[in-house]
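Asker: File start_38.cif follows (mmCIF, C-alpha atoms):
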data_upload
loop_
_atom_site.label_atom_id
_atom_site.label_comp_id
_atom_site.auth_asym_id
_atom_site.auth_seq_id
_atom_site.Cartn_x
_atom_site.Cartn_y
_atom_site.Cartn_z
CA MET A 13 91.96 99.76 101.32
CA ALA A 14 93.25 96.51 99.93
CA PHE A 15 93.61 96.26 96.19
CA ILE A 16 92.49 93.14 94.33
CA ASN A 17 94.04 92.67 90.90
CA PRO A 18 92.08 90.09 88.89
CA LYS A 19 94.64 90.21 86.08
CA THR A 20 97.78 89.33 88.04
CA ARG A 21 95.65 87.49 90.64
CA GLU A 22 97.23 89.40 93.45
CA VAL A 23 95.84 91.07 96.57
CA GLN A 24 97.76 93.89 98.27
CA ILE A 25 97.01 94.52 101.94
CA LYS A 26 98.31 97.36 104.10
CA ILE A 27 99.05 96.69 107.78
CA VAL A 28 100.25 99.57 109.99
CA TYR A 29 102.12 99.20 113.29
CA TYR A 30 101.03 102.12 115.48
CA GLY A 31 101.95 103.15 119.03
CA PRO A 32 103.97 105.49 121.23
CA GLY A 33 107.56 106.47 120.39
CA ARG A 34 110.30 103.98 121.30
CA GLY A 35 107.65 101.31 121.82
CA GLY A 36 109.18 98.73 119.44
CA LYS A 37 107.25 99.10 116.18
CA THR A 38 110.38 99.18 114.02
CA THR A 39 111.88 96.35 116.10
CA ASN A 40 108.83 94.22 115.21
CA LEU A 41 109.47 94.74 111.50
CA GLU A 42 113.20 94.20 111.85
CA TYR A 43 112.58 90.87 113.56
CA ILE A 44 110.15 89.78 110.82
CA TYR A 45 112.66 90.85 108.17
CA LYS A 46 115.46 88.87 109.84
CA LYS A 47 113.33 85.82 110.44
CA PHE A 48 111.92 85.59 106.89
CA ASN A 49 114.97 86.92 105.10
CA GLU A 50 114.84 84.24 102.42
CA ARG A 51 111.20 84.89 101.56
CA ILE A 52 111.48 88.67 101.44
CA LYS A 53 113.20 89.51 98.20
CA THR A 54 113.64 93.24 98.73
CA GLU A 55 115.36 95.42 101.30
CA MET A 56 113.37 96.82 104.18
CA VAL A 57 112.84 100.54 103.66
CA SER A 58 113.48 102.71 106.73
CA LEU A 59 113.21 106.48 106.77
CA LYS A 60 115.06 107.40 109.95
CA THR A 61 116.57 110.42 111.66
CA HIS A 62 120.27 110.49 112.47
CA GLY A 63 119.33 109.40 115.97
CA ASP A 64 117.82 106.20 114.51
CA ARG A 65 114.24 107.18 115.28
CA THR A 66 111.61 106.60 112.61
CA LEU A 67 111.08 109.85 110.72
CA PHE A 68 108.40 108.86 108.22
CA PHE A 69 107.82 105.11 108.08
CA ASP A 70 109.38 101.67 107.70
CA PHE A 71 108.12 99.47 104.90
CA LEU A 72 108.35 95.73 104.45
CA PRO A 73 106.50 93.84 101.70
CA PHE A 74 105.81 90.22 102.52
CA ASP A 75 104.24 87.38 100.52
CA VAL A 76 102.07 85.22 102.71
CA GLY A 77 100.93 82.62 100.20
CA ARG A 78 97.76 81.97 98.22
CA ILE A 79 94.10 82.17 99.06
CA MET A 80 91.45 81.13 96.54
CA GLY A 81 93.96 81.32 93.72
CA TYR A 82 95.17 84.83 94.65
CA ASP A 83 98.70 85.68 95.84
CA ILE A 84 98.41 87.63 99.07
CA ARG A 85 101.00 90.37 99.43
CA VAL A 86 101.03 92.05 102.82
CA GLN A 87 102.73 95.44 103.11
CA LEU A 88 103.86 96.16 106.65
CA TYR A 89 104.33 99.81 107.65
CA THR A 90 105.28 101.54 110.88
CA VAL A 91 104.61 105.15 111.83
CA PRO A 92 106.87 107.51 113.77
CA GLY A 93 105.70 107.40 117.38
CA GLN A 94 106.86 110.83 118.51
CA VAL A 95 104.00 113.23 119.14
CA LYS A 96 105.40 115.93 116.83
CA TYR A 97 105.22 113.72 113.73
CA ASP A 98 101.44 113.57 113.62
CA SER A 99 101.09 114.70 110.01
CA THR A 100 103.30 111.87 108.74
CA ARG A 101 101.47 109.35 110.95
CA LYS A 102 98.26 110.43 109.33
CA LEU A 103 99.69 110.01 105.82
CA VAL A 104 100.81 106.45 106.52
CA LEU A 105 97.34 105.49 107.78
CA ARG A 106 95.78 106.27 104.43
CA GLY A 107 94.10 103.16 103.03
CA VAL A 108 95.02 100.97 106.00
CA ASP A 109 93.49 97.47 106.20
CA GLY A 110 94.68 96.34 109.63
CA ILE A 111 96.46 97.83 112.64
CA VAL A 112 98.81 96.44 115.27
CA PHE A 113 98.92 98.74 118.29
CA VAL A 114 102.32 98.27 119.94
CA ALA A 115 101.99 99.43 123.55
CA ASP A 116 104.98 99.83 125.85
CA CYS A 117 104.70 97.77 129.07
CA MET A 118 106.94 100.07 131.09
CA ALA A 119 104.99 101.61 133.97
CA ILE A 120 106.51 105.06 133.41
CA VAL A 121 105.00 105.37 129.92
CA ARG A 122 101.47 104.32 130.89
CA LYS A 123 99.97 107.64 129.85
CA LYS A 124 101.84 107.73 126.52
CA ASN A 125 100.15 104.49 125.45
CA MET A 126 96.74 105.96 126.12
CA LEU A 127 97.54 109.21 124.32
CA SER A 128 98.84 107.33 121.28
CA LEU A 129 95.68 105.20 121.10
CA LYS A 130 93.57 108.35 121.33
CA ASN A 131 95.67 109.83 118.52
CA LEU A 132 95.05 106.70 116.40
CA TYR A 133 91.33 107.07 116.99
CA GLU A 134 91.43 110.72 115.91
CA ASN A 135 93.57 110.12 112.83
CA LEU A 136 91.31 107.31 111.64
CA SER A 137 88.29 109.56 112.17
CA GLY A 138 89.98 112.03 109.81
CA TYR A 139 89.55 109.40 107.06
CA ASN A 140 85.99 108.61 108.22
CA ARG A 141 87.16 105.27 109.56
CA SER A 142 86.20 103.86 112.94
CA ILE A 143 88.76 102.19 115.20
CA PHE A 144 85.98 99.77 116.18
CA LYS A 145 85.56 98.54 112.62
CA ILE A 146 89.17 98.12 111.51
CA PRO A 147 90.90 94.81 112.27
CA LEU A 148 93.12 95.54 115.28
CA VAL A 149 95.58 93.56 117.41
CA MET A 150 97.10 94.81 120.67
CA GLN A 151 100.70 93.97 121.46
CA TYR A 152 102.06 94.64 124.95
CA ASN A 153 105.74 94.88 124.21
CA LYS A 154 108.97 94.78 126.26
CA ILE A 155 107.96 92.12 128.79
CA ASP A 156 111.60 91.01 128.73
CA LEU A 157 112.41 94.10 130.83
CA ALA A 158 110.90 92.34 133.86
CA ASP A 159 114.16 90.34 134.07
CA GLU A 160 116.02 93.57 134.62
CA GLY A 161 113.80 94.63 137.48
CA ILE A 162 112.11 97.49 135.56
CA PRO A 163 108.55 98.12 136.81
CA LEU A 164 106.06 96.95 134.18
CA LEU A 165 102.31 97.22 133.76
CA SER A 166 100.48 93.90 133.90
CA PRO A 167 98.58 92.72 130.80
CA GLN A 168 95.39 93.13 132.85
CA THR A 169 96.19 96.78 133.54
CA LEU A 170 97.02 97.39 129.87
CA ASP A 171 93.80 95.66 128.85
CA ARG A 172 91.88 97.95 131.20
CA ASP A 173 93.73 101.05 129.98
CA LEU A 174 93.59 100.40 126.24
CA ASN A 175 91.38 97.48 125.39
CA ALA A 176 88.33 97.68 127.68
CA GLN A 177 86.04 98.84 124.89
CA LEU A 178 87.93 97.66 121.82
CA LYS A 179 88.25 94.07 123.05
CA ALA A 180 90.88 93.35 120.40
CA PRO A 181 93.02 90.20 120.60
CA SER A 182 96.12 90.99 122.66
CA PHE A 183 99.58 89.49 123.06
CA VAL A 184 102.38 90.19 125.50
CA ALA A 185 105.58 90.32 123.49
CA SER A 186 109.27 91.01 123.35
CA ALA A 187 110.01 92.43 119.92
CA ILE A 188 113.75 92.51 120.56
CA LYS A 189 113.79 88.78 121.38
CA GLY A 190 111.12 87.90 118.84
CA TYR A 191 108.67 86.58 121.42
CA ASN A 192 105.12 86.68 119.98
CA VAL A 193 106.17 88.96 117.09
CA ILE A 194 105.19 86.43 114.44
CA LYS A 195 102.07 85.45 116.38
CA THR A 196 100.97 89.10 116.40
CA MET A 197 101.57 89.41 112.66
CA LYS A 198 99.73 86.18 111.85
CA LYS A 199 96.77 87.31 113.95
CA ILE A 200 96.39 90.66 112.19
CA ILE A 201 96.67 89.02 108.77
CA MET A 202 94.04 86.49 109.80
CA LEU A 203 91.71 89.26 110.95
CA THR A 204 92.00 91.23 107.71
CA MET A 205 91.29 88.20 105.53
CA PRO A 206 87.51 87.70 105.94
CA THR A 207 86.52 91.01 104.32
CA ILE A 208 88.83 90.37 101.39
CA GLN A 209 87.80 86.74 100.96
CA GLY A 210 84.21 87.89 100.70
CA GLN A 211 85.16 90.03 97.72
CA LEU A 212 87.22 87.35 96.00
CA ARG A 213 84.13 85.16 95.62
CA MET B 9 87.07 96.74 102.48
CA ALA B 10 88.94 96.17 99.25
CA PHE B 11 88.61 97.72 95.85
CA VAL B 12 88.75 95.93 92.55
CA VAL B 13 89.52 97.18 89.07
CA GLY B 14 88.12 94.96 86.33
CA GLU B 15 90.38 92.88 84.14
CA ASN B 16 89.34 94.72 80.95
CA GLN B 17 90.00 98.05 82.61
CA LEU B 18 93.45 96.88 83.70
CA ASN B 19 94.15 95.72 80.14
CA GLU B 20 93.14 99.11 78.77
CA ILE B 21 95.25 100.93 81.37
CA GLU B 22 98.27 98.78 80.53
CA ASN B 23 97.77 99.44 76.82
CA THR B 24 97.67 103.17 77.49
CA LEU B 25 100.81 102.99 79.65
CA GLN B 26 102.60 101.04 76.93
CA LYS B 27 101.50 103.17 73.96
CA ASP B 28 101.53 106.64 75.50
CA ILE B 29 104.48 106.30 77.87
CA ILE B 30 106.81 103.32 77.38
CA ASP B 31 106.89 103.62 73.58
CA LEU B 32 108.26 107.16 74.02
CA GLY B 33 111.47 105.68 75.40
CA VAL B 34 110.46 105.83 79.06
CA LYS B 35 112.05 103.13 81.27
CA CYS B 36 109.30 102.36 83.73
CA VAL B 37 105.82 103.60 84.61
CA VAL B 38 103.73 102.60 87.61
CA LEU B 39 100.12 103.48 88.44
CA ILE B 40 99.58 103.38 92.21
CA ASP B 41 96.91 104.43 94.69
CA MET B 42 97.54 106.87 97.53
CA ALA B 43 97.85 103.98 99.99
CA GLY B 44 100.89 102.73 98.05
CA ASN B 45 99.24 99.78 96.26
CA ILE B 46 100.26 99.05 92.67
CA LEU B 47 97.46 98.90 90.09
CA ALA B 48 99.45 98.51 86.91
CA THR B 49 103.01 98.76 85.70
CA ARG B 50 104.96 98.60 82.44
CA ASP B 51 108.67 98.82 81.73
CA ASP B 52 111.05 98.61 78.82
CA GLY B 53 112.39 95.28 80.05
CA ALA B 54 115.92 96.59 80.47
CA ARG B 55 116.07 96.91 84.23
CA LYS B 56 113.81 95.80 87.06
CA HIS B 57 113.29 98.25 89.89
CA ASP B 58 111.88 97.39 93.32
CA ILE B 59 108.54 98.91 92.43
CA TYR B 60 106.78 97.90 95.66
CA SER B 61 109.16 100.00 97.76
CA LEU B 62 109.02 102.71 95.09
CA ALA B 63 105.21 102.77 95.30
CA ALA B 64 105.21 103.03 99.11
CA LEU B 65 107.74 105.87 99.01
CA ALA B 66 106.04 107.67 96.11
CA ALA B 67 102.66 107.64 97.89
CA GLY B 68 104.31 108.95 101.07
CA ASN B 69 106.30 111.54 99.17
CA PHE B 70 103.26 112.77 97.29
CA GLY B 71 101.27 113.01 100.52
CA ALA B 72 104.07 114.94 102.19
CA VAL B 73 104.42 117.36 99.27
CA SER B 74 100.65 117.95 99.17
CA ALA B 75 100.70 118.71 102.90
CA MET B 76 103.55 121.20 102.30
CA ALA B 77 101.51 122.87 99.55
CA LYS B 78 98.60 123.36 101.95
CA ILE B 79 100.87 124.92 104.59
CA ILE B 80 101.93 127.62 102.15
CA GLY B 81 98.38 128.17 100.90
CA GLU B 82 98.46 126.15 97.65
CA ASP B 83 96.00 123.40 96.82
CA GLU B 84 98.75 121.34 95.28
CA PHE B 85 101.94 121.70 93.24
CA SER B 86 101.34 121.08 89.57
CA LEU B 87 104.83 119.86 88.70
CA LEU B 88 106.42 117.10 90.77
CA PHE B 89 109.67 116.02 89.31
CA HIS B 90 113.00 114.75 90.68
CA LYS B 91 116.06 115.17 88.48
CA GLY B 92 119.04 112.84 88.71
CA LYS B 93 122.30 112.57 86.77
CA SER B 94 120.85 110.17 84.25
CA GLU B 95 117.49 109.01 85.66
CA ASN B 96 114.51 111.20 86.57
CA ILE B 97 111.15 110.63 88.21
CA HIS B 98 107.93 112.42 87.36
CA PHE B 99 104.71 112.20 89.42
CA SER B 100 101.24 113.02 88.21
CA LYS B 101 97.98 112.77 90.14
CA VAL B 102 95.19 110.77 88.49
CA MET B 103 91.79 111.82 89.88
CA ASP B 104 91.94 112.11 93.69
CA GLU B 105 93.01 108.62 94.55
CA PHE B 106 95.77 107.60 92.15
CA LEU B 107 99.27 108.58 91.13
CA LEU B 108 101.22 107.92 87.94
CA VAL B 109 104.96 107.53 88.53
CA THR B 110 107.23 107.71 85.50
CA ILE B 111 110.97 106.91 85.45
CA PHE B 112 112.84 108.22 82.42
CA SER B 113 116.33 109.11 81.29
CA ASN B 114 117.68 112.39 79.90
CA GLU B 115 117.02 111.22 76.36
CA VAL B 116 113.33 112.01 76.87
CA SER B 117 112.53 115.71 77.18
CA LEU B 118 110.56 116.75 80.23
CA GLY B 119 108.16 118.91 78.22
CA PHE B 120 107.26 116.10 75.84
CA LEU B 121 106.93 113.66 78.71
CA ARG B 122 104.56 116.01 80.58
CA LEU B 123 102.41 116.34 77.49
CA LYS B 124 102.17 112.59 76.96
CA VAL B 125 101.64 111.93 80.67
CA SER B 126 98.75 114.38 80.78
CA GLU B 127 97.14 112.62 77.80
CA ALA B 128 97.61 109.25 79.48
CA VAL B 129 96.19 110.62 82.76
CA ALA B 130 93.05 111.81 80.96
CA ARG B 131 92.64 108.40 79.33
CA ILE B 132 93.24 106.48 82.59
CA SER B 133 90.74 108.71 84.43
CA GLU B 134 88.17 107.82 81.82
CA ILE B 135 88.88 104.10 82.18
CA LEU B 136 88.78 104.20 85.99
CA SER B 137 85.54 106.20 86.01
CA SER B 138 83.73 103.66 83.85
CA PRO B 139 81.80 100.93 85.68
CA VAL B 140 83.80 97.86 86.73
CA ASP B 141 83.48 95.04 84.24
CA GLY B 142 83.15 91.41 85.27
#
Before anything else, please render the file you have as structure tokens.

Answerer:
Amino acid sequence: MAFINPKTREVQIKIVYYGPGRGGKTTNLEYIYKKFNERIKTEMVSLKTHGDRTLFFDFLPFDVGRIMGYDIRVQLYTVPGQVKYDSTRKLVLRGVDGIVFVADCMAIVRKKNMLSLKNLYENLSGYNRSIFKIPLVMQYNKIDLADEGIPLLSPQTLDRDLNAQLKAPSFVASAIKGYNVIKTMKKIIMLTMPTIQGQLR
Amino acid sequence: MAFVVGENQLNEIENTLQKDIIDLGVKCVVLIDMAGNILATRDDGARKHDIYSLAALAAGNFGAVSAMAKIIGEDEFSLLFHKGKSENIHFSKVMDEFLLVTIFSNEVSLGFLRLKVSEAVARISEILSSPVDG
């Protein structure tokens, strides 16, 4: 849940990047950090294993400007994608305001995307939140791998697999090259704004 | 959804943090929610910490420790404290949703700090339970 501070005139919003392991969630944040280096005054926090996989979460605070006289501070988090880290995934989801689901386009991980989305649904239910009511953006990542001849799922297939009922805005992306990373982030921020603006009035 | 704490309530919380905690000789105190948002903070002005990252990590750490407690059959651990060479961190839950994080040096005794923190926690709970002012 976002926090509105009328004293410092600041709003804090929590966005979580969710999705299967090795799907590119951390790469999304790393690209944002690199791209907006001058605007982000602090270091990006990454809790990783020795093998460079996310163990707990990555954290990146980000000022996005002012709305109605309030400074909007977005806090970007990732979760560990590996199935075994479910308890930490659940902890990071606490109080979430918006979610980016980073799906992996590679055909061989088709099922993992669906399982991860189901896991998101279940973990949100644990907090009495509905996936249908939380601002959500789908990102179909790794489309750059097409150049290397790796079989990929088409955006239509991914939409059918993951987004048929949710009907969330979706973007194909290449987190490693930065393609559509910022667009995805802007979209999720835009979607989380209306509920908060209503309360600022 | 967003939650708001009234300006008067925030003023009262900050007063409590200043009088009960900072004036003891504590370096920095931050009141956060379990999602990692910062509600209020006070420090002695000597050194600025990256409190946003600290809040995110403290909320995660507290959640992880609570989950560990449940695994071994405890509701929660009553003392959460990290000791360093010269700086220490103390965590205290405020109602179900909030956490008070205190950073202090060895010049402040842990026992005294715990006493003052528990008084401040009682006071903050009272303030947060009262209806939001305009």

Asker: Just checking: using all atoms listed in the file, which residue out of A:Ile27, A:Ala115, A:Met150, A:Thr38 ends up closest to Leu127 in chain A?

Answerer: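 Checking each candidate against Leu127 in chain A, we get A:Ala115 as the closest.
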
Asker: Looking at B:Asp51, B:Phe70, B:Ser113, B:Ile29, which one is nearest to chain A, with distances taken over all atoms listed in the file?

Answerer: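 Result for the nearest residue to chain A: B:Phe70.
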
Asker: Quick one: apply the PyMOL selection byres ((chain A) within 6 of (chain B)) to the file and drop the selected residues here as a tab-separated table (two decimals) with C-alpha atoms, in the coordinates of the input.

Answerer:
chain	number	residue	atom	x	y	z
A	13	MET	CA	91.96	99.76	101.32
A	14	ALA	CA	93.25	96.51	99.93
A	15	PHE	CA	93.61	96.26	96.19
A	16	ILE	CA	92.49	93.14	94.33
A	18	PRO	CA	92.08	90.09	88.89
A	19	LYS	CA	94.64	90.21	86.08
A	106	ARG	CA	95.78	106.27	104.43
A	107	GLY	CA	94.10	103.16	103.03

Asker: Quick one, how far is CA of Phe112 in chain B from CA of Val34 in chain B?

Answerer: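 For CA of Phe112 in chain B relative to CA of Val34 in chain B, the distance reads 4.8 Å.
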
Asker: Step by step, work through what the PyMOL selection byres ((chain A and resi 147) around 7) selects in the shown file, and finish by giving those residues as a PyMOL selection string.

Answerer: chain A and resi 110-111+145-146+148+200+203-204

Asker: Excluding Ser86 in chain B and any residue of its chain fewer than 4 positions from it, enumerate the residues within 10 Å of it, using all atoms listed in the file, and give them as a PyMOL selection string.

Answerer: chain B and resi 82+99-101

Asker: Tell me which protein, DNA and RNA residues are within 12 Å of Arg51 in chain A, counting all atoms listed in the file, leaving out same-chain ones fewer than 2 positions away, and put them as a PyMOL selection string.

Answerer: chain A and resi 44-49+53-55+72-77+85

Asker: Could you tell me which residues the PyMOL selection byres ((chain B and resi 136) around 10) returns for this structure, as a count of residues only?

Answerer: 18

Asker: So that I can see what lies close to range 61-69 of chain A, please list as a PyMOL selection string the residues with an atom at most 8 Å from it, counting all atoms listed in the file and leaving out residues fewer than 2 positions away in the same chain.

Answerer: chain A and resi 34+38+58-59+71+89-93+97+100-101+104

Asker: Residues at most 12 Å from Lys124 in chain B, counting only C-alpha atoms, excluding those fewer than 2 positions away in the same chain, as a list in words?

Answerer: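 The neighbour list is Thr24, Leu25, Gln26, Lys27, Asp28, Ile29, Ile30, Asp31, Leu32, Gly33, Val34, His98, Ser100, Leu108, Thr110, Val116, Ser117, Leu118, Gly119, Phe120, Leu121, Arg122, Ser126, Glu127, Ala128, Val129, Ala130 and Arg131 of chain B.
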
Asker: Please provide the set of residues having any atom within 9 Å of range 175-181 of chain A, restricted to only C-alpha atoms, with same-chain residues fewer than 4 positions apart removed, written as a list of chain:residue names.

Answerer: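 Counting only the stated atoms, we get A:Ile143, A:Phe144, A:Pro147, A:Leu148, A:Val149, A:Met150, A:Gln151, A:Leu170, A:Asp171, A:Lys199.
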
Asker: Just to be explicit: take each residue in the selection above, keep C-alpha atoms, and write the result as a tab-separated table (two decimals), in the frame of the given file.

Answerer:
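The file below, part_10.tsv, is the result:
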chain	number	residue	atom	x	y	z
A	143	ILE	CA	88.76	102.19	115.20
A	144	PHE	CA	85.98	99.77	116.18
A	147	PRO	CA	90.90	94.81	112.27
A	148	LEU	CA	93.12	95.54	115.28
A	149	VAL	CA	95.58	93.56	117.41
A	150	MET	CA	97.10	94.81	120.67
A	151	GLN	CA	100.70	93.97	121.46
A	170	LEU	CA	97.02	97.39	129.87
A	171	ASP	CA	93.80	95.66	128.85
A	199	LYS	CA	96.77	87.31	113.95

Asker: Taking all atoms of range 116-129 of chain B that the file lists and extending 8 Å past them on each side, where is the centre of the axis-aligned box and how long are its edges? Answer in Å to one decimal, as JSON.

Answerer:
{"center_x": 104.8, "center_y": 114.1, "center_z": 79.3, "size_x": 33.1, "size_y": 25.7, "size_z": 22.9}

Asker: Select, from B:Gly92, B:Leu87, B:Ile111, B:Met76, the residue with the minimum atom-to-atom distance to Arg55 in chain B, counting only C-alpha atoms.

Answerer: B:Ile111

Asker: In Å, rounded to a single decimal, give me how far CA of Asn40 in chain A is from CA of Val184 in chain A.

Answerer: 12.8 Å

Asker: What's the separation between CA of Asn114 in chain B and CA of Ala66 in chain B, in Å to one decimal place?

Answerer: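 Rounded to one decimal, the two atoms are 20.5 Å apart.
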